[in-house]
>>> print(open('query-v9.txt').read())   # compact mmCIF, C-alpha atoms
# COMPACT_ATOMS: atom_id res chain seq x y z
CA MET A 447 -75.15 4.62 25.98
CA VAL A 448 -72.14 5.38 28.18
CA SER A 449 -71.79 8.61 30.13
CA VAL A 450 -68.28 10.04 29.87
CA SER A 451 -66.98 12.92 31.99
CA VAL A 452 -63.53 14.31 31.30
CA ILE A 453 -61.43 17.34 32.07
CA LEU A 454 -60.92 18.61 28.54
CA ASN A 455 -58.40 21.40 28.07
CA GLY A 456 -58.97 22.39 31.69
CA GLU A 457 -62.79 22.32 31.57
CA LYS A 458 -65.11 19.58 32.82
CA ARG A 459 -67.14 18.15 29.91
CA THR A 460 -69.68 15.33 29.81
CA ALA A 461 -71.29 13.41 26.96
CA SER A 462 -73.37 10.30 26.48
CA VAL A 463 -72.13 8.09 23.64
CA PRO A 464 -72.47 4.52 22.35
CA PRO A 465 -69.96 2.17 24.05
CA GLU A 466 -67.98 1.62 20.83
CA THR A 467 -67.22 5.35 20.46
CA THR A 468 -63.52 6.19 20.33
CA LEU A 469 -61.99 9.12 22.16
CA LEU A 470 -61.32 10.69 18.76
CA LYS A 471 -64.98 10.49 17.80
CA LEU A 472 -65.98 11.88 21.22
CA LEU A 473 -63.65 14.86 20.76
CA ARG A 474 -64.75 15.60 17.21
CA GLU A 475 -68.46 14.81 17.29
CA SER A 476 -69.55 15.40 20.89
CA PHE A 477 -67.25 18.28 21.82
CA ASN A 478 -66.70 19.79 18.33
CA LEU A 479 -62.90 19.78 18.71
CA THR A 480 -61.65 18.95 15.24
CA GLY A 481 -57.91 19.47 15.67
CA ALA A 482 -57.24 15.75 16.15
CA LYS A 483 -57.78 14.15 12.75
CA LEU A 484 -58.96 10.74 11.61
CA GLY A 485 -56.16 9.45 9.42
CA CYS A 486 -55.45 5.75 9.51
CA ASP A 487 -57.84 4.76 12.36
CA VAL A 488 -55.33 2.11 13.52
CA GLY A 489 -52.77 4.17 15.47
CA ASP A 490 -50.12 4.38 12.77
CA CYS A 491 -50.26 7.98 11.51
CA GLY A 492 -50.40 10.15 14.65
CA ALA A 493 -52.96 12.58 13.20
CA CYS A 494 -55.21 12.01 16.23
CA THR A 495 -52.51 12.46 18.90
CA VAL A 496 -53.61 13.96 22.23
CA ILE A 497 -52.23 13.97 25.77
CA VAL A 498 -54.23 12.01 28.37
CA ASP A 499 -53.14 12.24 32.00
CA GLY A 500 -49.71 13.36 30.81
CA MET A 501 -49.31 10.45 28.39
CA LEU A 502 -49.14 10.83 24.63
CA LEU A 503 -51.64 8.64 22.83
CA ASN A 504 -53.55 8.08 19.63
CA SER A 505 -57.16 8.97 20.37
CA CYS A 506 -58.39 6.58 17.66
CA LEU A 507 -57.17 3.67 19.81
CA MET A 508 -58.89 4.61 23.08
CA LEU A 509 -62.57 4.11 23.73
CA ALA A 510 -64.38 7.17 25.04
CA GLY A 511 -65.45 5.16 28.10
CA GLN A 512 -61.79 4.54 28.95
CA ALA A 513 -61.27 8.31 29.08
CA ASP A 514 -63.91 8.78 31.79
CA GLY A 515 -62.47 10.80 34.68
CA ARG A 516 -59.24 11.58 32.85
CA ASP A 517 -57.50 14.84 31.97
CA ILE A 518 -57.22 15.38 28.21
CA LEU A 519 -55.23 18.03 26.38
CA THR A 520 -55.85 18.62 22.69
CA ILE A 521 -54.34 21.10 20.24
CA GLU A 522 -57.27 23.42 20.99
CA GLY A 523 -56.11 23.62 24.60
CA LEU A 524 -52.70 25.07 23.73
CA ALA A 525 -53.49 28.47 22.23
CA THR A 526 -55.77 31.26 23.36
CA SER A 527 -58.06 33.15 21.03
CA ASP A 528 -55.45 35.89 20.62
CA ARG A 529 -52.12 34.09 21.05
CA LEU A 530 -50.51 30.95 19.68
CA HIS A 531 -48.77 28.60 22.09
CA PRO A 532 -44.97 29.09 21.82
CA ILE A 533 -44.61 25.69 20.11
CA GLN A 534 -47.22 26.62 17.52
CA LYS A 535 -45.46 29.96 16.99
CA ALA A 536 -42.10 28.22 16.50
CA PHE A 537 -43.66 25.90 13.92
CA GLU A 538 -45.13 28.92 12.14
CA ASP A 539 -41.86 30.87 12.26
CA LYS A 540 -39.87 27.96 10.81
CA GLY A 541 -42.46 27.09 8.15
CA SER A 542 -42.61 23.58 9.59
CA LEU A 543 -45.99 22.56 8.20
CA GLN A 544 -47.43 22.60 4.72
CA CYS A 545 -50.92 21.13 4.36
CA GLY A 546 -51.44 21.08 8.13
CA PHE A 547 -53.21 17.71 8.39
CA CYS A 548 -50.47 16.21 10.56
CA GLY A 549 -49.80 19.49 12.39
CA PRO A 550 -51.94 19.07 15.50
CA GLY A 551 -50.56 15.58 16.18
CA VAL A 552 -46.97 16.66 15.56
CA ILE A 553 -47.35 19.71 17.80
CA MET A 554 -48.89 17.61 20.58
CA SER A 555 -45.96 15.16 20.27
CA ALA A 556 -43.55 18.10 20.47
CA LYS A 557 -45.36 19.46 23.54
CA TRP A 558 -45.17 16.09 25.26
CA LEU A 559 -41.48 15.70 24.40
CA LEU A 560 -40.57 19.17 25.67
CA ASP A 561 -42.54 18.60 28.87
CA GLN A 562 -40.54 15.39 29.46
CA THR A 563 -37.20 16.53 28.05
CA PRO A 564 -36.79 20.33 28.00
CA ASP A 565 -33.58 20.22 25.95
CA PRO A 566 -33.90 17.20 23.64
CA THR A 567 -31.25 15.97 21.26
CA VAL A 568 -32.01 15.61 17.56
CA SER A 569 -32.24 11.87 18.10
CA GLU A 570 -34.80 12.35 20.91
CA ILE A 571 -36.82 14.70 18.70
CA ARG A 572 -36.81 12.19 15.85
CA ASP A 573 -37.91 9.43 18.23
CA ALA A 574 -40.73 11.62 19.55
CA LEU A 575 -41.95 12.40 16.03
CA ALA A 576 -41.63 8.80 14.83
CA GLY A 577 -45.32 8.17 15.50
CA ASN A 578 -46.41 11.06 13.28
CA LEU A 579 -46.53 10.62 9.53
CA CYS A 580 -46.23 13.65 7.27
CA ARG A 581 -46.48 13.46 3.48
CA CYS A 582 -45.48 17.07 2.82
CA THR A 583 -42.19 17.72 4.61
CA GLY A 584 -38.91 16.02 5.31
CA TYR A 585 -39.32 16.77 9.05
CA THR A 586 -36.23 19.02 9.03
CA LYS A 587 -38.21 22.22 9.70
CA MET A 588 -40.18 20.46 12.46
CA ILE A 589 -36.94 19.45 14.17
CA GLU A 590 -35.62 23.01 13.79
CA ALA A 591 -38.78 24.43 15.37
CA ILE A 592 -38.55 22.06 18.34
CA GLN A 593 -34.87 22.90 18.81
CA ALA A 594 -35.66 26.63 18.65
CA ILE A 595 -38.38 26.45 21.26
CA ALA A 596 -36.21 24.27 23.50
CA ARG A 597 -33.49 26.92 23.35
CA GLU A 598 -36.03 29.57 24.33
CA ALA A 599 -37.31 27.38 27.19
CA SER A 600 -40.70 29.08 26.92
CA HIS A 601 -42.68 26.08 25.71
CA ARG A 602 -44.66 25.44 28.87
>>> encode(input="query-v9.txt", output="structure tokens")
Amino acid sequence: MVSVSVILNGEKRTASVPPETTLLKLLRESFNLTGAKLGCDVGDCGACTVIVDGMLLNSCLMLAGQADGRDILTIEGLATSDRLHPIQKAFEDKGSLQCGFCGPGVIMSAKWLLDQTPDPTVSEIRDALAGNLCRCTGYTKMIEAIQAIAREASHR
């Protein structure tokens, strides 16, 4: 077993897991945070996207032990119990998601993009979303939501 301590959505959390455990499995099974989804399990779909130490990454590709001592932000860390994060609200207002499976990963990618580039171009938005596969939409409403929140500059 490997002991893993992380700062998860602003709170110190610790778990003991087998060494082969991925960060995704740690989040879902040890910490009961199910926003990040298991899609492809090879880093292609983006359903498991989280932010680790300010870097966007697929949690299915990182071992839990590699996350030890790191700061992790998941979709659950964005909203409060009574208020959506402004990015989530923009996605809701624009009807950007349908089934919702890709939603947490897409929203985390949007958060990371807007943190890096507060007023992104359409091309920059498309590049940022390129790692997130969605079967339900044509991405147009997602792009519109990201543009809307960038204009409001209230995404932080």
>>> closest_residue(input="query-v9.txt", among="A:Val568, A:Leu484, A:Met508, A:Leu530", to="Gln593 in chain A", atoms="only C-alpha atoms")
A:Val568
>>> closest_residue(input="query-v9.txt", among="A:Thr586, A:Gly515, A:Leu479, A:Cys491", to="Thr460 in chain A", atoms="all atoms listed in the file")
A:Gly515
>>> closest_atom_pairs(input="query-v9.txt", of="range 552-598 of chain A", to="range 542-547 of chain A", cutoff="10 Å", atoms="only C-alpha atoms", output="JSON lines")
{"residue": "A:Val552", "atom": "CA", "partner": "A:Leu543", "partner_atom": "CA", "distance": 9.5}
{"residue": "A:Leu579", "atom": "CA", "partner": "A:Phe547", "partner_atom": "CA", "distance": 9.8}
{"residue": "A:Cys580", "atom": "CA", "partner": "A:Phe547", "partner_atom": "CA", "distance": 8.2}
{"residue": "A:Arg581", "atom": "CA", "partner": "A:Cys545", "partner_atom": "CA", "distance": 8.9}
{"residue": "A:Cys582", "atom": "CA", "partner": "A:Gln544", "partner_atom": "CA", "distance": 6.2}
{"residue": "A:Thr583", "atom": "CA", "partner": "A:Leu543", "partner_atom": "CA", "distance": 7.1}
{"residue": "A:Gly584", "atom": "CA", "partner": "A:Ser542", "partner_atom": "CA", "distance": 9.4}
{"residue": "A:Tyr585", "atom": "CA", "partner": "A:Ser542", "partner_atom": "CA", "distance": 7.6}
{"residue": "A:Thr586", "atom": "CA", "partner": "A:Ser542", "partner_atom": "CA", "distance": 7.9}
{"residue": "A:Lys587", "atom": "CA", "partner": "A:Ser542", "partner_atom": "CA", "distance": 4.6}
{"residue": "A:Met588", "atom": "CA", "partner": "A:Ser542", "partner_atom": "CA", "distance": 4.9}
{"residue": "A:Ile589", "atom": "CA", "partner": "A:Ser542", "partner_atom": "CA", "distance": 8.4}
{"residue": "A:Glu590", "atom": "CA", "partner": "A:Ser542", "partner_atom": "CA", "distance": 8.2}
{"residue": "A:Ala591", "atom": "CA", "partner": "A:Ser542", "partner_atom": "CA", "distance": 7.0}
{"residue": "A:Ile592", "atom": "CA", "partner": "A:Ser542", "partner_atom": "CA", "distance": 9.8}
>>> atom_distance(input="query-v9.txt", atom1="CA of Thr563 in chain A", atom2="CA of Ala599 in chain A")
10.9 Å
>>> atom_distance(input="query-v9.txt", atom1="CA of Lys535 in chain A", atom2="CA of Ile518 in chain A")
21.8 Å
>>> residues_near_point(input="query-v9.txt", point="(-46.4, 10.9, 13.0)", cutoff="9 Å", atoms="all atoms listed in the file", output="JSON, numbers by chain")
{"A": [490, 491, 492, 493, 495, 548, 551, 552, 555, 574, 575, 576, 577, 578, 579, 580]}
>>> atom_distance(input="query-v9.txt", atom1="CA of Val450 in chain A", atom2="CA of Ala510 in chain A")
6.8 Å
>>> decode(input="query-v9.txt", residues="range 486-566 of chain A", atoms="C-alpha atoms", output="mmCIF file, in the first residue's frame")
data_model
loop_
_atom_site.group_PDB
_atom_site.id
_atom_site.type_symbol
_atom_site.label_atom_id
_atom_site.label_comp_id
_atom_site.auth_asym_id
_atom_site.auth_seq_id
_atom_site.Cartn_x
_atom_site.Cartn_y
_atom_site.Cartn_z
ATOM 1 C CA CYS A 486 -11.319 5.573 -22.393
ATOM 2 C CA ASP A 487 -8.744 4.901 -19.621
ATOM 3 C CA VAL A 488 -5.922 5.854 -22.018
ATOM 4 C CA GLY A 489 -6.006 9.671 -21.956
ATOM 5 C CA ASP A 490 -7.903 10.202 -25.199
ATOM 6 C CA CYS A 491 -11.396 11.310 -24.136
ATOM 7 C CA GLY A 492 -10.854 13.947 -21.431
ATOM 8 C CA ALA A 493 -13.712 12.702 -19.228
ATOM 9 C CA CYS A 494 -11.314 12.434 -16.275
ATOM 10 C CA THR A 495 -9.731 15.890 -16.650
ATOM 11 C CA VAL A 496 -8.600 17.625 -13.450
ATOM 12 C CA ILE A 497 -6.148 20.402 -12.606
ATOM 13 C CA VAL A 498 -3.015 19.367 -10.680
ATOM 14 C CA ASP A 499 -0.669 22.105 -9.481
ATOM 15 C CA GLY A 500 -2.172 24.411 -12.098
ATOM 16 C CA MET A 501 -1.678 21.939 -14.952
ATOM 17 C CA LEU A 502 -4.507 20.311 -16.852
ATOM 18 C CA LEU A 503 -4.220 16.541 -16.946
ATOM 19 C CA ASN A 504 -6.071 13.299 -17.476
ATOM 20 C CA SER A 505 -6.343 11.666 -14.066
ATOM 21 C CA CYS A 506 -6.490 8.192 -15.648
ATOM 22 C CA LEU A 507 -2.843 8.640 -16.715
ATOM 23 C CA MET A 508 -1.375 9.633 -13.348
ATOM 24 C CA LEU A 509 -0.702 7.197 -10.554
ATOM 25 C CA ALA A 510 -2.107 8.200 -7.184
ATOM 26 C CA GLY A 511 1.401 8.016 -5.710
ATOM 27 C CA GLN A 512 2.569 10.641 -8.209
ATOM 28 C CA ALA A 513 -0.084 13.006 -6.841
ATOM 29 C CA ASP A 514 1.319 12.835 -3.303
ATOM 30 C CA GLY A 515 1.863 16.359 -1.943
ATOM 31 C CA ARG A 516 0.163 18.020 -4.897
ATOM 32 C CA ASP A 517 -2.754 20.430 -5.162
ATOM 33 C CA ILE A 518 -5.693 18.964 -7.074
ATOM 34 C CA LEU A 519 -8.808 20.754 -8.293
ATOM 35 C CA THR A 520 -11.778 18.723 -9.490
ATOM 36 C CA ILE A 521 -15.197 19.772 -10.760
ATOM 37 C CA GLU A 522 -16.500 19.345 -7.203
ATOM 38 C CA GLY A 523 -14.139 22.109 -6.078
ATOM 39 C CA LEU A 524 -15.672 24.741 -8.357
ATOM 40 C CA ALA A 525 -19.202 25.172 -7.046
ATOM 41 C CA THR A 526 -20.559 25.630 -3.552
ATOM 42 C CA SER A 527 -23.613 23.830 -2.253
ATOM 43 C CA ASP A 528 -25.804 26.811 -3.136
ATOM 44 C CA ARG A 529 -24.070 28.394 -6.139
ATOM 45 C CA LEU A 530 -22.649 27.175 -9.427
ATOM 46 C CA HIS A 531 -19.227 28.398 -10.502
ATOM 47 C CA PRO A 532 -19.630 31.111 -13.184
ATOM 48 C CA ILE A 533 -18.292 28.731 -15.853
ATOM 49 C CA GLN A 534 -20.831 26.088 -14.882
ATOM 50 C CA LYS A 535 -23.573 28.734 -14.945
ATOM 51 C CA ALA A 536 -22.512 29.887 -18.422
ATOM 52 C CA PHE A 537 -22.631 26.294 -19.672
ATOM 53 C CA GLU A 538 -26.100 25.921 -18.174
ATOM 54 C CA ASP A 539 -27.325 29.229 -19.616
ATOM 55 C CA LYS A 540 -26.107 28.342 -23.118
ATOM 56 C CA GLY A 541 -27.376 24.751 -23.012
ATOM 57 C CA SER A 542 -23.835 23.581 -23.724
ATOM 58 C CA LEU A 543 -24.163 20.023 -22.438
ATOM 59 C CA GLN A 544 -26.612 17.264 -23.190
ATOM 60 C CA CYS A 545 -25.912 13.935 -21.488
ATOM 61 C CA GLY A 546 -23.327 15.498 -19.166
ATOM 62 C CA PHE A 547 -20.755 12.687 -19.258
ATOM 63 C CA CYS A 548 -18.069 14.910 -20.795
ATOM 64 C CA GLY A 549 -19.206 17.996 -18.864
ATOM 65 C CA PRO A 550 -16.853 17.924 -15.874
ATOM 66 C CA GLY A 551 -13.792 17.424 -18.089
ATOM 67 C CA VAL A 552 -14.872 20.117 -20.537
ATOM 68 C CA ILE A 553 -15.592 22.579 -17.740
ATOM 69 C CA MET A 554 -12.215 21.886 -16.110
ATOM 70 C CA SER A 555 -10.534 22.468 -19.493
ATOM 71 C CA ALA A 556 -12.454 25.737 -19.833
ATOM 72 C CA LYS A 557 -11.425 26.782 -16.310
ATOM 73 C CA TRP A 558 -7.782 26.065 -17.060
ATOM 74 C CA LEU A 559 -7.955 27.943 -20.369
ATOM 75 C CA LEU A 560 -9.587 31.003 -18.820
ATOM 76 C CA ASP A 561 -7.063 31.015 -15.975
ATOM 77 C CA GLN A 562 -4.243 31.042 -18.557
ATOM 78 C CA THR A 563 -5.917 33.188 -21.218
ATOM 79 C CA PRO A 564 -8.709 35.396 -19.844
ATOM 80 C CA ASP A 565 -9.912 36.482 -23.297
ATOM 81 C CA PRO A 566 -9.286 33.518 -25.613
#
